[in-house]
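Asks: structure-v1.txt is reproduced below (compact mmCIF, C-alpha atoms).
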# COMPACT_ATOMS: atom_id res chain seq x y z
CA MET A 1 32.55 -9.31 6.67
CA SER A 2 34.18 -6.18 5.27
CA PHE A 3 35.49 -3.27 7.35
CA GLU A 4 32.60 -0.98 6.39
CA ASP A 5 30.05 -3.74 6.98
CA ARG A 6 31.40 -4.16 10.50
CA ASN A 7 31.34 -0.40 11.10
CA ASN A 8 27.78 -0.25 9.85
CA LEU A 9 26.70 -2.80 12.46
CA VAL A 10 28.22 -0.61 15.16
CA ILE A 11 26.33 2.42 13.81
CA ILE A 12 23.03 0.47 13.79
CA LEU A 13 23.66 -0.62 17.37
CA MET A 14 24.49 2.95 18.42
CA ASN A 15 21.30 4.23 16.78
CA LEU A 16 19.32 1.66 18.76
CA VAL A 17 20.98 2.88 21.97
CA ILE A 18 20.03 6.47 21.08
CA ALA A 19 16.46 5.34 20.29
CA ALA A 20 16.29 3.66 23.71
CA TYR A 21 17.59 6.83 25.40
CA PHE A 22 15.07 8.91 23.47
CA GLY A 23 12.18 6.54 24.23
CA LEU A 24 13.01 5.90 27.89
CA TRP A 25 14.29 9.33 28.92
CA ILE A 26 13.18 12.16 26.64
CA VAL A 27 9.66 11.03 25.63
CA PRO A 28 8.44 10.32 29.19
CA GLY A 29 9.74 13.77 30.19
CA VAL A 30 7.77 15.37 27.36
CA LEU A 31 4.61 13.43 28.28
CA THR A 32 4.82 14.34 31.97
CA GLY A 33 5.41 18.01 31.20
CA ALA A 34 8.98 18.04 32.55
CA TYR A 35 10.11 20.10 29.57
CA ASP A 36 7.23 22.59 29.52
CA GLY A 37 7.93 26.34 29.43
CA ALA A 38 11.09 28.21 28.50
CA ALA A 39 13.18 26.56 31.24
CA GLY A 40 11.85 23.17 30.19
CA LEU A 41 12.92 23.79 26.62
CA VAL A 42 16.46 24.54 27.83
CA ALA A 43 16.43 21.29 29.83
CA TRP A 44 15.18 19.38 26.76
CA ALA A 45 17.90 20.87 24.59
CA GLN A 46 20.56 19.95 27.16
CA ALA A 47 19.25 16.39 27.48
CA THR A 48 19.12 16.03 23.70
CA LEU A 49 22.52 17.62 23.16
CA MET A 50 24.00 14.95 25.40
CA VAL A 51 23.33 12.48 22.59
CA ILE A 52 26.18 13.91 20.48
CA PRO A 53 29.18 13.32 22.82
CA VAL A 54 27.66 10.09 24.14
CA SER A 55 27.19 8.72 20.62
CA ILE A 56 30.75 9.70 19.60
CA VAL A 57 32.31 8.02 22.64
CA GLY A 58 29.87 5.09 22.37
CA THR A 59 30.72 4.54 18.71
CA ILE A 60 34.47 4.51 19.46
CA VAL A 61 34.05 2.08 22.36
CA LEU A 62 31.69 -0.20 20.42
CA THR A 63 34.01 -0.18 17.39
CA ILE A 64 36.95 -1.31 19.55
CA LEU A 65 34.88 -3.97 21.31
CA PHE A 66 33.44 -5.21 18.02
CA ALA A 67 36.92 -5.39 16.46
CA ILE A 68 38.18 -7.45 19.42
CA GLY A 69 35.11 -9.72 19.31
CA TYR A 70 35.43 -10.16 15.53
CA ALA A 71 39.12 -11.05 15.84
CA ILE A 72 38.35 -13.65 18.52
CA VAL A 73 35.43 -15.23 16.63
CA THR A 74 37.18 -15.35 13.22
CA HIS A 75 40.68 -16.07 14.61
CA ASN A 76 41.88 -13.23 12.38
CA THR A 77 43.99 -10.78 14.32
CA LYS A 78 44.51 -8.49 11.32
CA PRO A 79 41.12 -8.15 9.61
CA SER A 80 41.02 -6.16 6.38
CA GLU A 81 40.44 -2.40 6.64
CA ILE A 82 40.02 -1.84 2.91
CA VAL A 83 37.23 0.49 1.79
CA ASP A 84 36.50 0.00 -1.91
CA GLU A 85 34.14 1.32 -4.59
CA ARG A 86 31.32 -1.05 -3.62
CA ASP A 87 31.55 0.14 0.01
CA ARG A 88 31.33 3.72 -1.23
CA ALA A 89 28.33 2.95 -3.47
CA ILE A 90 26.51 1.22 -0.61
CA GLY A 91 27.50 4.06 1.73
CA ASN A 92 26.06 6.63 -0.67
CA PHE A 93 22.79 4.71 -0.91
CA GLY A 94 22.58 4.49 2.90
CA LEU A 95 23.24 8.22 3.20
CA ARG A 96 20.46 8.92 0.70
CA VAL A 97 17.98 6.80 2.69
CA ASN A 98 19.15 8.57 5.85
CA LEU A 99 18.57 12.02 4.35
CA TYR A 100 15.13 11.10 2.92
CA VAL A 101 13.86 9.87 6.29
CA ALA A 102 15.45 12.68 8.30
CA GLY A 103 14.14 15.25 5.80
CA ALA A 104 10.64 13.75 5.98
CA GLY A 105 10.71 13.99 9.79
CA PHE A 106 11.80 17.63 9.63
CA LEU A 107 9.13 18.41 7.02
CA VAL A 108 6.34 16.79 9.05
CA SER A 109 7.44 18.72 12.14
CA LEU A 110 7.23 21.99 10.16
CA VAL A 111 3.81 21.05 8.77
CA GLY A 112 2.65 20.22 12.31
CA LEU A 113 3.78 23.62 13.51
CA ALA A 114 2.30 25.46 10.52
CA PHE A 115 -1.07 23.76 10.14
CA TRP A 116 -1.86 21.61 13.18
CA SER A 117 -0.77 24.07 15.90
CA TRP A 118 1.63 21.58 17.48
CA PRO A 119 3.58 22.79 20.51
CA ALA A 120 7.17 23.65 19.56
CA LEU A 121 8.47 20.84 21.77
CA TRP A 122 6.53 18.24 19.78
CA ALA A 123 7.95 19.55 16.55
CA LEU A 124 11.47 19.54 17.97
CA ASN A 125 11.02 15.98 19.20
CA LEU A 126 9.72 14.83 15.86
CA GLY A 127 12.63 16.55 14.10
CA PHE A 128 15.08 14.77 16.40
CA PHE A 129 13.21 11.50 15.99
CA GLY A 130 13.42 11.92 12.20
CA PHE A 131 17.21 12.27 12.33
CA MET A 132 17.49 9.27 14.64
CA LEU A 133 15.20 7.15 12.48
CA GLY A 134 17.06 8.32 9.37
CA GLY A 135 20.36 7.10 10.81
CA LEU A 136 18.80 3.78 11.66
CA ALA A 137 17.06 3.40 8.28
CA GLY A 138 20.30 4.26 6.44
CA GLY A 139 22.19 1.68 8.48
CA VAL A 140 19.57 -1.02 7.89
CA ALA A 141 19.51 -0.23 4.15
CA LYS A 142 23.30 -0.68 4.03
CA PHE A 143 23.06 -3.89 6.05
CA ILE A 144 20.54 -5.32 3.54
CA LEU A 145 22.62 -4.23 0.53
CA TYR A 146 25.76 -5.85 1.96
CA ARG A 147 23.88 -9.15 2.26
CA ARG A 148 22.15 -8.92 -1.11
CA GLY A 149 25.43 -8.59 -2.91
CA MET B 150 12.44 -0.35 -11.72
CA ALA B 151 14.30 -3.62 -12.31
CA ARG B 152 17.60 -3.55 -14.18
CA GLN B 153 17.28 -4.78 -17.75
CA HIS B 154 20.91 -5.76 -18.11
CA ARG B 155 23.60 -7.12 -15.92
CA ILE B 156 27.30 -7.66 -16.28
CA GLY B 157 28.26 -11.29 -16.78
CA ASN B 158 31.87 -12.31 -16.23
CA ALA B 159 34.41 -15.09 -16.46
CA ILE B 160 36.26 -14.24 -13.27
CA ARG B 161 35.67 -17.56 -11.57
CA LYS B 162 36.85 -19.52 -14.63
CA LEU B 163 39.88 -17.28 -15.11
CA ARG B 164 40.85 -17.56 -11.44
CA PHE B 165 41.02 -21.33 -11.75
CA GLU B 166 42.97 -21.05 -14.99
CA HIS B 167 45.50 -18.89 -13.17
CA GLY B 168 46.75 -21.38 -10.62
CA GLU B 169 43.46 -21.60 -8.72
CA MET B 170 43.84 -18.03 -7.56
CA THR B 171 41.67 -17.40 -4.51
CA GLN B 172 39.12 -14.60 -4.32
CA GLN B 173 41.22 -12.99 -1.59
CA GLU B 174 44.35 -13.08 -3.78
CA LEU B 175 42.48 -11.41 -6.65
CA ALA B 176 40.99 -8.89 -4.24
CA ASP B 177 44.48 -8.03 -2.93
CA LYS B 178 45.83 -7.63 -6.47
CA VAL B 179 43.13 -5.14 -7.51
CA GLY B 180 42.73 -3.41 -4.12
CA VAL B 181 39.16 -4.31 -3.20
CA THR B 182 37.54 -6.47 -0.54
CA ARG B 183 36.94 -10.19 -1.06
CA GLN B 184 33.21 -9.47 -0.70
CA THR B 185 33.37 -7.25 -3.80
CA ILE B 186 34.97 -10.06 -5.82
CA VAL B 187 32.23 -12.43 -4.60
CA ALA B 188 29.51 -9.95 -5.58
CA MET B 189 31.12 -9.40 -9.00
CA GLU B 190 31.44 -13.14 -9.68
CA GLN B 191 27.76 -13.59 -8.88
CA SER B 192 26.90 -10.63 -11.16
CA LYS B 193 25.34 -8.88 -8.18
CA TYR B 194 27.70 -5.95 -8.47
CA SER B 195 28.74 -4.19 -11.67
CA PRO B 196 32.31 -2.94 -11.30
CA SER B 197 33.49 0.48 -12.34
CA LEU B 198 35.39 0.72 -15.61
CA GLU B 199 38.62 1.18 -13.65
CA LEU B 200 38.08 -2.00 -11.61
CA ALA B 201 37.07 -3.94 -14.73
CA PHE B 202 40.36 -2.94 -16.41
CA LEU B 203 42.35 -3.86 -13.29
CA VAL B 204 40.73 -7.32 -13.10
CA ALA B 205 41.31 -7.91 -16.81
CA ARG B 206 44.96 -6.87 -16.44
CA VAL B 207 45.51 -9.39 -13.63
CA PHE B 208 44.44 -12.16 -16.04
CA GLY B 209 46.29 -10.67 -19.01
CA ARG B 210 43.05 -10.37 -20.98
CA SER B 211 41.03 -7.56 -22.49
CA VAL B 212 38.00 -6.24 -20.57
CA ASP B 213 35.78 -7.74 -23.26
CA ASP B 214 37.14 -11.21 -22.52
CA VAL B 215 36.34 -10.94 -18.83
CA PHE B 216 33.07 -8.98 -18.78
CA TRP B 217 30.05 -8.88 -21.08
CA LEU B 218 26.54 -7.51 -21.09
CA GLU B 219 23.66 -9.93 -20.65
CA GLU B 220 19.90 -9.63 -20.30
CA ALA B 221 18.88 -9.70 -16.63
CA GLY B 222 17.25 -12.99 -15.64
CA SER B 223 17.80 -14.69 -19.00
CA GLY B 224 21.51 -15.33 -18.80
CA GLU B 225 21.67 -14.45 -22.48
CA GLY B 226 24.31 -12.52 -24.31
CA GLY B 227 26.96 -14.29 -22.31
CA GLY B 228 30.41 -15.33 -23.17
CA PRO B 229 33.68 -13.57 -23.58
CA GLY B 230 33.91 -11.47 -26.70
CA ALA B 231 30.19 -11.90 -27.43
CA SER B 232 29.64 -8.19 -27.88
CA GLY B 233 30.82 -8.01 -31.44
CA LYS B 234 34.51 -8.71 -31.56
What does this structure look like when you write it as structure tokens?
Replies:
Amino acid sequence: MSFEDRNNLVIILMNLVIAAYFGLWIVPGVLTGAYDGAAGLVAWAQATLMVIPVSIVGTIVLTILFAIGYAIVTHNTKPSEIVDERDRAIGNFGLRVNLYVAGAGFLVSLVGLAFWSWPALWALNLGFFGFMLGGLAGGVAKFILYRRG
Amino acid sequence: MARQHRIGNAIRKLRFEHGEMTQQELADKVGVTRQTIVAMEQSKYSPSLELAFLVARVFGRSVDDVFWLEEAGSGEGGGPGASGK
């Protein structure tokens, strides 16, 4: 397993953690009206903003743990950290998938606001969900490409 | 749309002709991962021109001797130097 392949697994895992946070924490709050009104919107933004530092720290911790686990399982204490042209090509494809999905989420949220009179909070949630799903879709696309050759 | 052509190669054969060079050794010589060598050998990844030249140089051959164009799925067009040398 190459260095970028291993990193991609960590990113997929981190996206799943964010999805769980979003599904178990943010969405129930939206459904119960905890984020209604101007003050609610501030609380939603604060809860959502927490994702950024948590995901940065989580990614670092998971990367270290994964590297240790990989070294133990493969008995290779100095695994390769080379990033080559194939890694970059696969990375570019994953980024493209990520941007398509995230862009679609953002577009649907705008359409919902413009034509279906969605509350702003719904649109914001869908926009956030789009970015989260985009990250996950990009990671899964890279995972598949690494296995397909 | 499916690719109509793929890049065939003689890397595996040339590795064995060069002292049974391992995929990892070749990867180290050209600065890529072993997985990229595996993908190239299986014609699942088409290398850049730069990487193709580097691989050919390791074996002391021309790019044309190591890589060739073949029809996808048919395995035709294969063989070193088959492109009109």
Asks: Residues of chain A no more than 9 Å from chain B, counting only C-alpha atoms: send them over as a list in words.
Replies: Met1, Ser2, Phe3, Ser80, Glu81, Ile82, Val83, Asp84, Glu85, Arg86, Asp87, Tyr146, Arg148 and Gly149 of chain A
Asks: Residues of the last selection are to be written out with C-alpha atoms, as a tab-separated table (two decimals), in the coordinates of the input.
Replies:
chain	number	residue	atom	x	y	z
A	1	MET	CA	32.55	-9.31	6.67
A	2	SER	CA	34.18	-6.18	5.27
A	3	PHE	CA	35.49	-3.27	7.35
A	80	SER	CA	41.02	-6.16	6.38
A	81	GLU	CA	40.44	-2.40	6.64
A	82	ILE	CA	40.02	-1.84	2.91
A	83	VAL	CA	37.23	0.49	1.79
A	84	ASP	CA	36.50	0.00	-1.91
A	85	GLU	CA	34.14	1.32	-4.59
A	86	ARG	CA	31.32	-1.05	-3.62
A	87	ASP	CA	31.55	0.14	0.01
A	146	TYR	CA	25.76	-5.85	1.96
A	148	ARG	CA	22.15	-8.92	-1.11
A	149	GLY	CA	25.43	-8.59	-2.91
Asks: Rank A:Leu41, A:Gly130, A:Pro79, A:Phe93 by their smallest atom-to-atom distance to A:Phe66, using all atoms listed in the file, and report the top residue only.
Replies: A:Pro79
Asks: Rounded to one decimal in Å, what is the spacing between atom CA of A:Leu124 and atom CA of A:Ala43?
Replies: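 Atom CA of A:Ala43 lies at a distance of 13.0 Å from atom CA of A:Leu124.
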Asks: With all atoms listed in the file as the counted atoms, please give the residues lying no more than 12 Å from B:Ser211, apart from itself and same-chain residues fewer than 3 positions off, as JSON, numbers by chain.
Replies: {"B": [159, 201, 202, 203, 204, 205, 206, 207, 208, 214, 215, 216, 217, 229, 230, 234]}
Asks: With C-alpha atoms retained, export the selected residues as a short mmCIF file (atom, residue, chain, number, x, y, z; two decimals), in the frame of the given file.
Replies:
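What landed in out33.cif:
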data_model
loop_
_atom_site.label_atom_id
_atom_site.label_comp_id
_atom_site.auth_asym_id
_atom_site.auth_seq_id
_atom_site.Cartn_x
_atom_site.Cartn_y
_atom_site.Cartn_z
CA ALA B 159 34.41 -15.09 -16.46
CA ALA B 201 37.07 -3.94 -14.73
CA PHE B 202 40.36 -2.94 -16.41
CA LEU B 203 42.35 -3.86 -13.29
CA VAL B 204 40.73 -7.32 -13.10
CA ALA B 205 41.31 -7.91 -16.81
CA ARG B 206 44.96 -6.87 -16.44
CA VAL B 207 45.51 -9.39 -13.63
CA PHE B 208 44.44 -12.16 -16.04
CA ASP B 214 37.14 -11.21 -22.52
CA VAL B 215 36.34 -10.94 -18.83
CA PHE B 216 33.07 -8.98 -18.78
CA TRP B 217 30.05 -8.88 -21.08
CA PRO B 229 33.68 -13.57 -23.58
CA GLY B 230 33.91 -11.47 -26.70
CA LYS B 234 34.51 -8.71 -31.56
#
Asks: Starting from 4 Å padding per side, set up an axis-aligned box that covers all listed atoms of stretch 96-102 of chain A and hand over centre and edge lengths in Å, one decimal, as AutoDock Vina command-line options.
Replies:
--center_x 17.2 --center_y 9.7 --center_z 4.5 --size_x 14.6 --size_y 13.9 --size_z 15.6
Asks: To one decimal place, how far is atom CA of B:Ala176 from atom CA of A:Val97 in Å?
Replies: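 For atom CA of B:Ala176 relative to atom CA of A:Val97, the distance reads 28.7 Å.
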Asks: Excluding same-chain residues fewer than 4 positions from stretch 44-48 of chain A, what lies within 12 Å of it counting only C-alpha atoms, as a PyMOL selection string?
Replies: chain A and resi 18-19+21-23+25-30+33-40+52-55+120-122+124-125+127-129+132
Asks: Atom CA of A:Gly134 to atom CA of A:Val17: how many Å, to one decimal?
Replies: 14.3 Å
